[in-house]
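Structure below is structure17.cif: mmCIF, C-alpha atoms.
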```
data_protein
loop_
_atom_site.label_atom_id
_atom_site.label_comp_id
_atom_site.auth_asym_id
_atom_site.auth_seq_id
_atom_site.Cartn_x
_atom_site.Cartn_y
_atom_site.Cartn_z
CA MET E 14 -87.35 10.09 -115.70
CA SER E 15 -85.05 7.79 -117.60
CA ILE E 16 -82.06 6.03 -116.13
CA GLU E 17 -79.73 8.20 -118.23
CA ASN E 18 -81.23 11.39 -116.75
CA ILE E 19 -80.84 10.01 -113.20
CA GLY E 20 -77.24 9.18 -113.99
CA ASN E 21 -76.63 12.69 -115.33
CA ILE E 22 -78.13 14.24 -112.14
CA ASP E 23 -75.98 12.05 -109.91
CA SER E 24 -72.91 13.02 -111.89
CA LYS E 25 -73.71 16.71 -111.50
CA ILE E 26 -74.24 16.32 -107.73
CA ALA E 27 -70.97 14.41 -107.41
CA MET E 28 -69.13 17.07 -109.42
CA GLU E 29 -70.69 19.82 -107.34
CA LEU E 30 -69.74 18.09 -104.11
CA MET E 31 -66.23 17.54 -105.38
CA GLU E 32 -65.88 21.20 -106.28
CA ARG E 33 -67.13 22.24 -102.85
CA PHE E 34 -64.72 19.83 -101.19
CA ILE E 35 -61.83 21.21 -103.23
CA ASP E 36 -62.80 24.77 -102.36
CA TRP E 37 -63.15 23.84 -98.68
CA SER E 38 -59.85 21.99 -98.71
CA ALA E 39 -58.12 24.94 -100.33
CA VAL E 40 -59.17 27.05 -97.37
CA PHE E 41 -59.04 24.48 -94.52
CA VAL E 42 -55.88 22.48 -95.30
CA PRO E 43 -53.50 25.49 -95.08
CA LYS E 44 -55.12 26.43 -91.77
CA LEU E 45 -54.81 22.84 -90.54
CA ILE E 46 -51.15 22.74 -91.52
CA TRP E 47 -50.59 26.10 -89.84
CA ALA E 48 -52.39 24.94 -86.67
CA LEU E 49 -50.35 21.72 -86.51
CA LEU E 50 -47.17 23.73 -87.08
CA VAL E 51 -48.12 26.09 -84.24
CA ILE E 52 -48.77 23.11 -81.94
CA TRP E 53 -45.45 21.48 -82.85
CA ILE E 54 -43.44 24.69 -82.38
CA TRP E 55 -45.04 25.57 -79.07
CA PHE E 56 -44.69 22.02 -77.73
CA LYS E 57 -40.97 22.31 -78.44
CA ILE E 58 -40.87 25.69 -76.67
CA ILE E 59 -42.81 24.28 -73.69
CA SER E 60 -40.33 21.40 -73.45
CA ILE E 61 -37.41 23.86 -73.42
CA LEU E 62 -39.14 26.01 -70.79
CA ASN E 63 -39.77 22.95 -68.61
CA ARG E 64 -36.13 21.89 -68.77
CA GLY E 65 -35.07 25.43 -67.84
CA LEU E 66 -37.54 25.46 -64.96
CA GLU E 67 -36.23 22.10 -63.73
CA LYS E 68 -32.64 23.39 -63.75
CA ILE E 69 -33.65 26.51 -61.81
CA MET E 70 -35.41 24.42 -59.15
CA GLU E 71 -32.48 21.99 -58.95
CA VAL E 72 -30.03 24.86 -58.42
CA ASN E 73 -32.24 26.22 -55.63
CA ASP E 74 -32.53 22.70 -54.12
CA TRP E 75 -36.30 22.34 -54.41
CA ASP E 76 -38.02 19.17 -53.31
CA PRO E 77 -38.13 16.58 -56.18
CA MET E 78 -41.85 15.96 -55.62
CA LEU E 79 -42.57 19.66 -55.87
CA GLU E 80 -40.39 19.97 -58.99
CA SER E 81 -42.38 17.22 -60.72
CA PHE E 82 -45.71 18.77 -59.73
CA ILE E 83 -44.84 22.31 -60.89
CA THR E 84 -43.29 21.27 -64.20
CA SER E 85 -46.23 19.02 -65.07
CA LEU E 86 -48.73 21.72 -64.07
CA VAL E 87 -46.98 24.38 -66.17
CA ALA E 88 -46.80 22.00 -69.15
CA ILE E 89 -50.51 21.13 -68.93
CA VAL E 90 -51.64 24.76 -68.65
CA LEU E 91 -49.46 25.90 -71.57
CA LYS E 92 -50.56 22.99 -73.76
CA VAL E 93 -54.23 23.77 -73.12
CA VAL E 94 -53.56 27.37 -74.18
CA VAL E 95 -51.81 26.11 -77.35
CA PHE E 96 -54.74 23.82 -78.25
CA ILE E 97 -57.21 26.70 -77.78
CA SER E 98 -55.06 28.88 -80.04
CA ALA E 99 -54.94 26.13 -82.67
CA ALA E 100 -58.73 25.77 -82.51
CA TRP E 101 -59.04 29.53 -83.05
CA ILE E 102 -56.84 29.23 -86.15
CA LEU E 103 -59.22 26.56 -87.48
CA TRP E 104 -62.23 28.89 -86.90
CA VAL E 105 -63.57 26.78 -84.05
CA GLN E 106 -65.76 28.77 -81.69
CA THR E 107 -63.28 28.94 -78.82
CA SER E 108 -65.57 31.02 -76.62
CA SER E 109 -68.01 28.17 -76.16
CA PHE E 110 -65.10 25.76 -75.71
CA VAL E 111 -63.59 27.90 -72.96
CA ALA E 112 -66.99 28.28 -71.30
CA ILE E 113 -67.41 24.50 -71.19
CA LEU E 114 -63.95 24.11 -69.65
CA ALA E 115 -64.69 26.78 -67.04
CA ALA E 116 -68.03 25.21 -66.09
CA ALA E 117 -66.47 21.77 -65.81
CA GLY E 118 -63.62 23.12 -63.69
CA LEU E 119 -66.06 24.90 -61.36
CA ALA E 120 -68.18 21.78 -60.91
CA ILE E 121 -65.17 19.60 -60.21
CA GLY E 122 -63.71 22.19 -57.84
CA MET E 123 -66.91 22.41 -55.80
CA ALA E 124 -67.25 18.63 -55.62
CA LEU E 125 -63.65 18.15 -54.52
CA SER E 126 -63.15 21.32 -52.46
CA TRP E 127 -62.00 19.51 -49.30
CA THR E 128 -59.68 17.24 -51.26
CA LEU E 129 -58.24 20.22 -53.12
CA GLN E 130 -57.63 21.99 -49.80
CA ASN E 131 -55.59 19.02 -48.60
CA PHE E 132 -53.73 18.95 -51.91
CA ALA E 133 -52.99 22.67 -51.61
CA GLY E 134 -51.77 22.04 -48.06
CA TRP E 135 -49.37 19.38 -49.40
CA VAL E 136 -48.01 21.85 -51.95
CA MET E 137 -47.47 24.45 -49.21
CA ILE E 138 -45.66 21.88 -47.07
CA LEU E 139 -43.33 20.96 -49.92
CA MET E 140 -42.67 24.60 -50.80
CA PHE E 141 -42.03 26.06 -47.34
CA LYS E 142 -40.86 22.87 -45.57
CA PRO E 143 -42.25 23.56 -42.06
CA TYR E 144 -41.26 19.97 -41.25
CA LYS E 145 -39.71 16.92 -42.87
CA ILE E 146 -39.68 13.16 -42.31
CA TRP E 147 -38.84 12.17 -38.69
CA ASP E 148 -39.11 15.71 -37.35
CA PHE E 149 -40.76 15.85 -33.93
CA ILE E 150 -43.65 18.30 -34.20
CA GLU E 151 -46.62 19.49 -32.19
CA ALA E 152 -49.71 19.93 -34.36
CA GLY E 153 -53.08 20.40 -32.76
CA TRP E 154 -53.34 17.92 -29.90
CA HIS E 155 -50.59 15.68 -31.22
CA SER E 156 -46.86 15.83 -30.48
CA TRP E 157 -45.26 12.97 -32.39
CA SER E 158 -42.73 12.21 -35.10
CA VAL E 159 -43.51 12.68 -38.78
CA LYS E 160 -43.43 9.30 -40.51
CA GLU E 161 -44.86 10.03 -43.95
CA ILE E 162 -46.07 13.04 -45.97
CA HIS E 163 -48.73 12.16 -48.54
CA ILE E 164 -50.63 14.29 -51.05
CA PHE E 165 -53.72 14.57 -48.85
CA ASN E 166 -52.51 13.82 -45.31
CA THR E 167 -49.51 13.55 -43.00
CA ILE E 168 -48.90 10.46 -40.88
CA LEU E 169 -47.46 10.87 -37.38
CA LEU E 170 -45.95 8.05 -35.31
CA SER E 171 -45.86 7.96 -31.53
CA GLY E 172 -43.17 6.41 -29.36
CA ASP E 173 -45.45 3.45 -28.61
CA ARG E 174 -46.06 2.97 -32.38
CA LYS E 175 -49.49 4.54 -32.65
CA LYS E 176 -50.30 6.07 -36.02
CA ILE E 177 -52.17 9.37 -36.39
CA ILE E 178 -53.38 10.59 -39.79
CA ILE E 179 -53.90 14.37 -40.03
CA PRO E 180 -55.26 16.13 -43.17
CA ASN E 181 -52.67 18.44 -44.72
CA SER E 182 -55.13 21.34 -44.71
CA ASP E 183 -55.41 21.12 -40.90
CA ILE E 184 -51.63 21.31 -40.47
CA SER E 185 -51.02 24.05 -43.04
CA ASN E 186 -53.79 26.25 -41.62
CA ALA E 187 -53.00 25.80 -37.91
CA SER E 188 -50.12 26.76 -35.65
CA MET E 189 -47.40 24.16 -35.31
CA VAL E 190 -44.27 23.67 -33.21
CA ASN E 191 -41.29 21.89 -34.75
CA TYR E 192 -38.83 20.68 -32.11
CA SER E 193 -36.31 19.34 -34.64
CA THR E 194 -35.39 22.41 -36.68
CA GLU E 195 -32.65 23.58 -34.30
CA LYS E 196 -29.55 21.54 -33.52
CA ARG E 197 -29.75 22.32 -29.81
CA ARG E 198 -32.51 22.82 -27.25
CA ARG E 199 -32.69 24.24 -23.77
CA VAL E 200 -33.77 22.01 -20.91
CA ASP E 201 -35.86 23.96 -18.40
CA LEU E 202 -36.21 22.36 -14.97
CA GLN E 203 -37.60 23.63 -11.69
CA ILE E 204 -35.93 22.25 -8.57
CA TRP E 205 -37.85 22.66 -5.32
CA VAL E 206 -35.88 22.67 -2.06
CA SER E 207 -36.76 23.21 1.56
CA TYR E 208 -36.35 26.56 3.32
CA SER E 209 -34.06 24.81 5.80
CA ASP E 210 -31.44 24.12 3.12
CA ASP E 211 -28.60 26.52 2.33
CA ILE E 212 -29.10 28.28 -1.01
CA ASP E 213 -25.38 28.39 -1.86
CA THR E 214 -25.04 24.67 -1.21
CA VAL E 215 -27.98 23.94 -3.50
CA LYS E 216 -26.53 26.13 -6.27
CA SER E 217 -23.05 24.61 -6.05
CA THR E 218 -24.53 21.09 -6.06
CA LEU E 219 -26.62 21.78 -9.16
CA LYS E 220 -23.59 23.30 -10.88
CA GLU E 221 -21.47 20.22 -10.13
CA ILE E 222 -24.18 17.95 -11.54
CA ALA E 223 -24.39 19.97 -14.78
CA GLU E 224 -20.60 20.14 -15.23
CA ALA E 225 -20.31 16.37 -14.77
CA GLU E 226 -22.82 15.65 -17.56
CA ALA E 227 -20.88 15.38 -20.82
CA ARG E 228 -23.96 15.82 -23.02
CA ILE E 229 -24.63 19.33 -21.71
CA ILE E 230 -23.19 22.05 -23.98
CA GLN E 231 -21.12 23.94 -21.42
CA LYS E 232 -20.24 26.85 -23.71
CA GLU E 233 -23.94 27.76 -24.06
CA GLY E 234 -24.04 28.72 -20.38
CA LEU E 235 -25.82 27.40 -17.31
CA THR E 236 -28.63 29.12 -15.39
CA ILE E 237 -29.18 28.39 -11.71
CA ALA E 238 -31.32 31.05 -10.06
CA VAL E 239 -33.95 31.42 -7.36
CA ALA E 240 -37.20 31.88 -9.28
CA GLU E 241 -39.92 31.76 -6.60
CA LEU E 242 -40.36 31.75 -2.84
CA TRP E 243 -43.44 29.71 -2.17
CA ASP E 244 -45.17 28.87 1.08
CA ASN E 245 -43.18 25.71 1.69
CA ALA E 246 -40.40 25.74 -0.94
CA VAL E 247 -37.62 27.69 -2.57
CA ILE E 248 -37.88 27.13 -6.35
CA PHE E 249 -34.76 27.18 -8.51
CA ASN E 250 -34.74 27.60 -12.30
CA TYR E 251 -32.23 25.07 -13.64
CA ARG E 252 -31.53 25.61 -17.35
CA PHE E 253 -28.90 24.33 -19.80
CA PHE E 254 -28.53 23.51 -23.50
CA VAL E 255 -28.15 20.08 -25.10
CA LYS E 256 -28.27 18.63 -28.59
CA SER E 257 -31.86 18.18 -29.75
CA ALA E 258 -31.37 14.41 -30.06
CA ASP E 259 -30.19 14.23 -26.41
CA TYR E 260 -33.02 16.30 -24.92
CA TRP E 261 -35.14 13.64 -23.22
CA GLY E 262 -32.23 11.42 -22.20
CA VAL E 263 -30.40 14.28 -20.48
CA ARG E 264 -33.57 15.59 -18.85
CA TRP E 265 -34.44 12.23 -17.29
CA ASP E 266 -30.85 11.48 -16.24
CA ILE E 267 -30.35 14.89 -14.63
CA LEU E 268 -33.54 14.57 -12.59
CA GLU E 269 -32.43 11.16 -11.34
CA THR E 270 -28.94 12.47 -10.52
CA VAL E 271 -30.38 15.48 -8.66
CA LYS E 272 -32.50 13.19 -6.46
CA LYS E 273 -29.57 10.86 -5.63
CA THR E 274 -27.12 13.71 -5.01
CA PHE E 275 -29.53 15.64 -2.79
CA ASP E 276 -30.14 12.50 -0.73
CA GLN E 277 -26.38 12.03 -0.28
CA LYS E 278 -25.86 15.65 0.79
CA GLY E 279 -28.90 15.81 3.04
CA LEU E 280 -30.73 18.38 0.93
CA ASN E 281 -34.48 18.14 1.24
CA PHE E 282 -37.31 18.25 -1.25
CA PRO E 283 -40.40 19.92 0.25
CA PHE E 284 -43.80 18.30 0.27
CA PRO E 285 -47.21 19.68 1.20
CA GLN E 286 -47.64 19.87 4.93
CA ARG E 287 -49.85 21.53 7.47
CA ASP E 288 -49.12 22.50 11.08
CA VAL E 289 -51.92 21.82 13.53
CA HIS E 290 -51.91 23.62 16.86
CA LEU E 291 -53.98 22.27 19.76
CA TYR E 292 -55.04 24.56 22.54
CA LYS E 293 -56.34 23.31 25.84
CA GLU E 294 -59.54 24.96 26.85
CA LYS E 295 -59.52 26.56 30.24
#
```
Kindly return the structure encoded in the file as structure tokens.
Amino acid sequence: MSIENIGNIDSKIAMELMERFIDWSAVFVPKLIWALLVIWIWFKIISILNRGLEKIMEVNDWDPMLESFITSLVAIVLKVVVFISAAWILWVQTSSFVAILAAAGLAIGMALSWTLQNFAGWVMILMFKPYKIWDFIEAGWHSWSVKEIHIFNTILLSGDRKKIIIPNSDISNASMVNYSTEKRRRVDLQIWVSYSDDIDTVKSTLKEIAEAEARIIQKEGLTIAVAELWDNAVIFNYRFFVKSADYWGVRWDILETVKKTFDQKGLNFPFPQRDVHLYKEK
């Protein structure tokens, strides 16, 4: 085969390839333009939806961290849907693409199941706000102040500066007591007195002590009542309301005042005792 013939064959192949490329471009380029236009339009719509969602959450006073998480999550999900739609416009086999995404998501979810549980617990905490920073809570075996709330755990701080780290999934899935949600709390005390003491004197003394304490909320009422008659003691329920921030200070001060006042008035606190009777044998 001569060089001229080889050149003619190459020219024909090039022309054929060029024609195929033109035909392919005539079909593909409009679809590509349409797909890019769809992506651009929907990205604009997603941006508008996100701004509207942010305004709604701001009006309802949602937590800023939760706002950021939800808006970013919604944007990512919608953008993935838009890209899949664009791939469908370009005749890409979206079924296999979706299957790959699903398999990858399942594998990642199984590998990070515990971490995702803690993350979900963090989202629940931000949404429902069972506690906030510096609330005094009881969770599990711990009754300390909340210092920090992280994505995967909550850090508690004790009065003697010990730090406890609890996974968010443990807190969100277990019962919890929050002592800081209410502005006032009731102090419940039991005062034990001897049977030899006059009940009316004890009640009037306890009433005077409560009325003299300025931190006690007098309008909430005061309870002084005989609760039990035990073997060696009369037990009084002594209850009153204080501000939550004053709870421990008032409790400790009242107990000290009760002891000093009872000593001054000659009122007695019982203690365990046993009477022994000796009989002389005949």
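Taking all atoms listed in the file into account, the polymer residues that have an atom no farther than 10 Å from (-53.7, 14.5, -45.1) are Thr128, Gln130, Asn131, Phe132, Gly134, Trp135, Glu161, Ile162, His163, Ile164, Phe165, Asn166, Thr167, Ile168, Ile178, Ile179, Pro180, Asn181, Ser182, Asp183 and Ile184 of chain E.
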Dump C-alpha atoms for the selected residues as a CSV table (one decimal), in the frame of the given file?
```
chain,number,residue,atom,x,y,z
E,128,THR,CA,-59.7,17.2,-51.3
E,130,GLN,CA,-57.6,22.0,-49.8
E,131,ASN,CA,-55.6,19.0,-48.6
E,132,PHE,CA,-53.7,19.0,-51.9
E,134,GLY,CA,-51.8,22.0,-48.1
E,135,TRP,CA,-49.4,19.4,-49.4
E,161,GLU,CA,-44.9,10.0,-44.0
E,162,ILE,CA,-46.1,13.0,-46.0
E,163,HIS,CA,-48.7,12.2,-48.5
E,164,ILE,CA,-50.6,14.3,-51.0
E,165,PHE,CA,-53.7,14.6,-48.8
E,166,ASN,CA,-52.5,13.8,-45.3
E,167,THR,CA,-49.5,13.6,-43.0
E,168,ILE,CA,-48.9,10.5,-40.9
E,178,ILE,CA,-53.4,10.6,-39.8
E,179,ILE,CA,-53.9,14.4,-40.0
E,180,PRO,CA,-55.3,16.1,-43.2
E,181,ASN,CA,-52.7,18.4,-44.7
E,182,SER,CA,-55.1,21.3,-44.7
E,183,ASP,CA,-55.4,21.1,-40.9
E,184,ILE,CA,-51.6,21.3,-40.5
```
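From atom CA of Asp213 of chain E back to atom CA of Asp259 of chain E, the distance works out to 28.7 Å.
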Against segment 141-146 of chain E, which residues of segment 168-202 of chain E fall within 10 Å? For each one I want the closest pair of atoms and the distance in Å (one decimal), counting only C-alpha atoms, rows by chain and increasing residue number, as a Markdown table.
```
| residue | atom | partner | partner_atom | distance |
| --- | --- | --- | --- | --- |
| E:Ile168 | CA | E:Ile146 | CA | 9.7 |
| E:Leu169 | CA | E:Ile146 | CA | 9.5 |
| E:Ile184 | CA | E:Pro143 | CA | 9.8 |
| E:Ser185 | CA | E:Pro143 | CA | 8.8 |
| E:Met189 | CA | E:Pro143 | CA | 8.5 |
| E:Val190 | CA | E:Pro143 | CA | 9.1 |
| E:Asn191 | CA | E:Tyr144 | CA | 6.8 |
| E:Tyr192 | CA | E:Tyr144 | CA | 9.5 |
| E:Ser193 | CA | E:Tyr144 | CA | 8.3 |
| E:Thr194 | CA | E:Tyr144 | CA | 7.8 |
```
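Counting from atom CA of Phe253 of chain E, the distance to atom CA of Thr236 of chain E is 6.5 Å.
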On this structure, the PyMOL selection byres ((chain E and resi 264) around 12) would catch which residues? List them as a PyMOL selection string, sorted by chain and number. chain E and resi 198-203+223+226+228-229+251-263+265-271
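Across the structure, atom CA of Glu221 of chain E and atom CA of Phe275 of chain E are spaced 11.8 Å apart.
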Once the PyMOL selection byres ((chain E and resi 245) around 8) has been applied to the shown file, what residues remain in the selection, as a ChimeraX atom specification? /E:207-208,243-244,246-247,283-285
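The list of residues with at least one atom within 12 Å of Ser60 of chain E, based on all atoms listed in the file and without residues fewer than 3 positions apart in the same chain, reads Trp53, Ile54, Trp55, Phe56, Lys57, Asn63, Arg64, Gly65, Leu66, Glu67, Thr84, Ser85, Val87, Ala88, Ile89, Leu91 and Lys92 of chain E.
Nearest to Phe282 of chain E of all the residues E:Gln231, E:Ser209, E:Thr218, E:Ser98 is E:Ser209, based on all atoms listed in the file.
Within the file as shown, the PyMOL selection byres ((chain E and resi 155) around 10) identifies Ile150, Glu151, Ala152, Gly153, Trp154, Ser156, Trp157, Ser158, Leu169, Leu170, Ser171, Ile177, Ile179 and Met189 of chain E.
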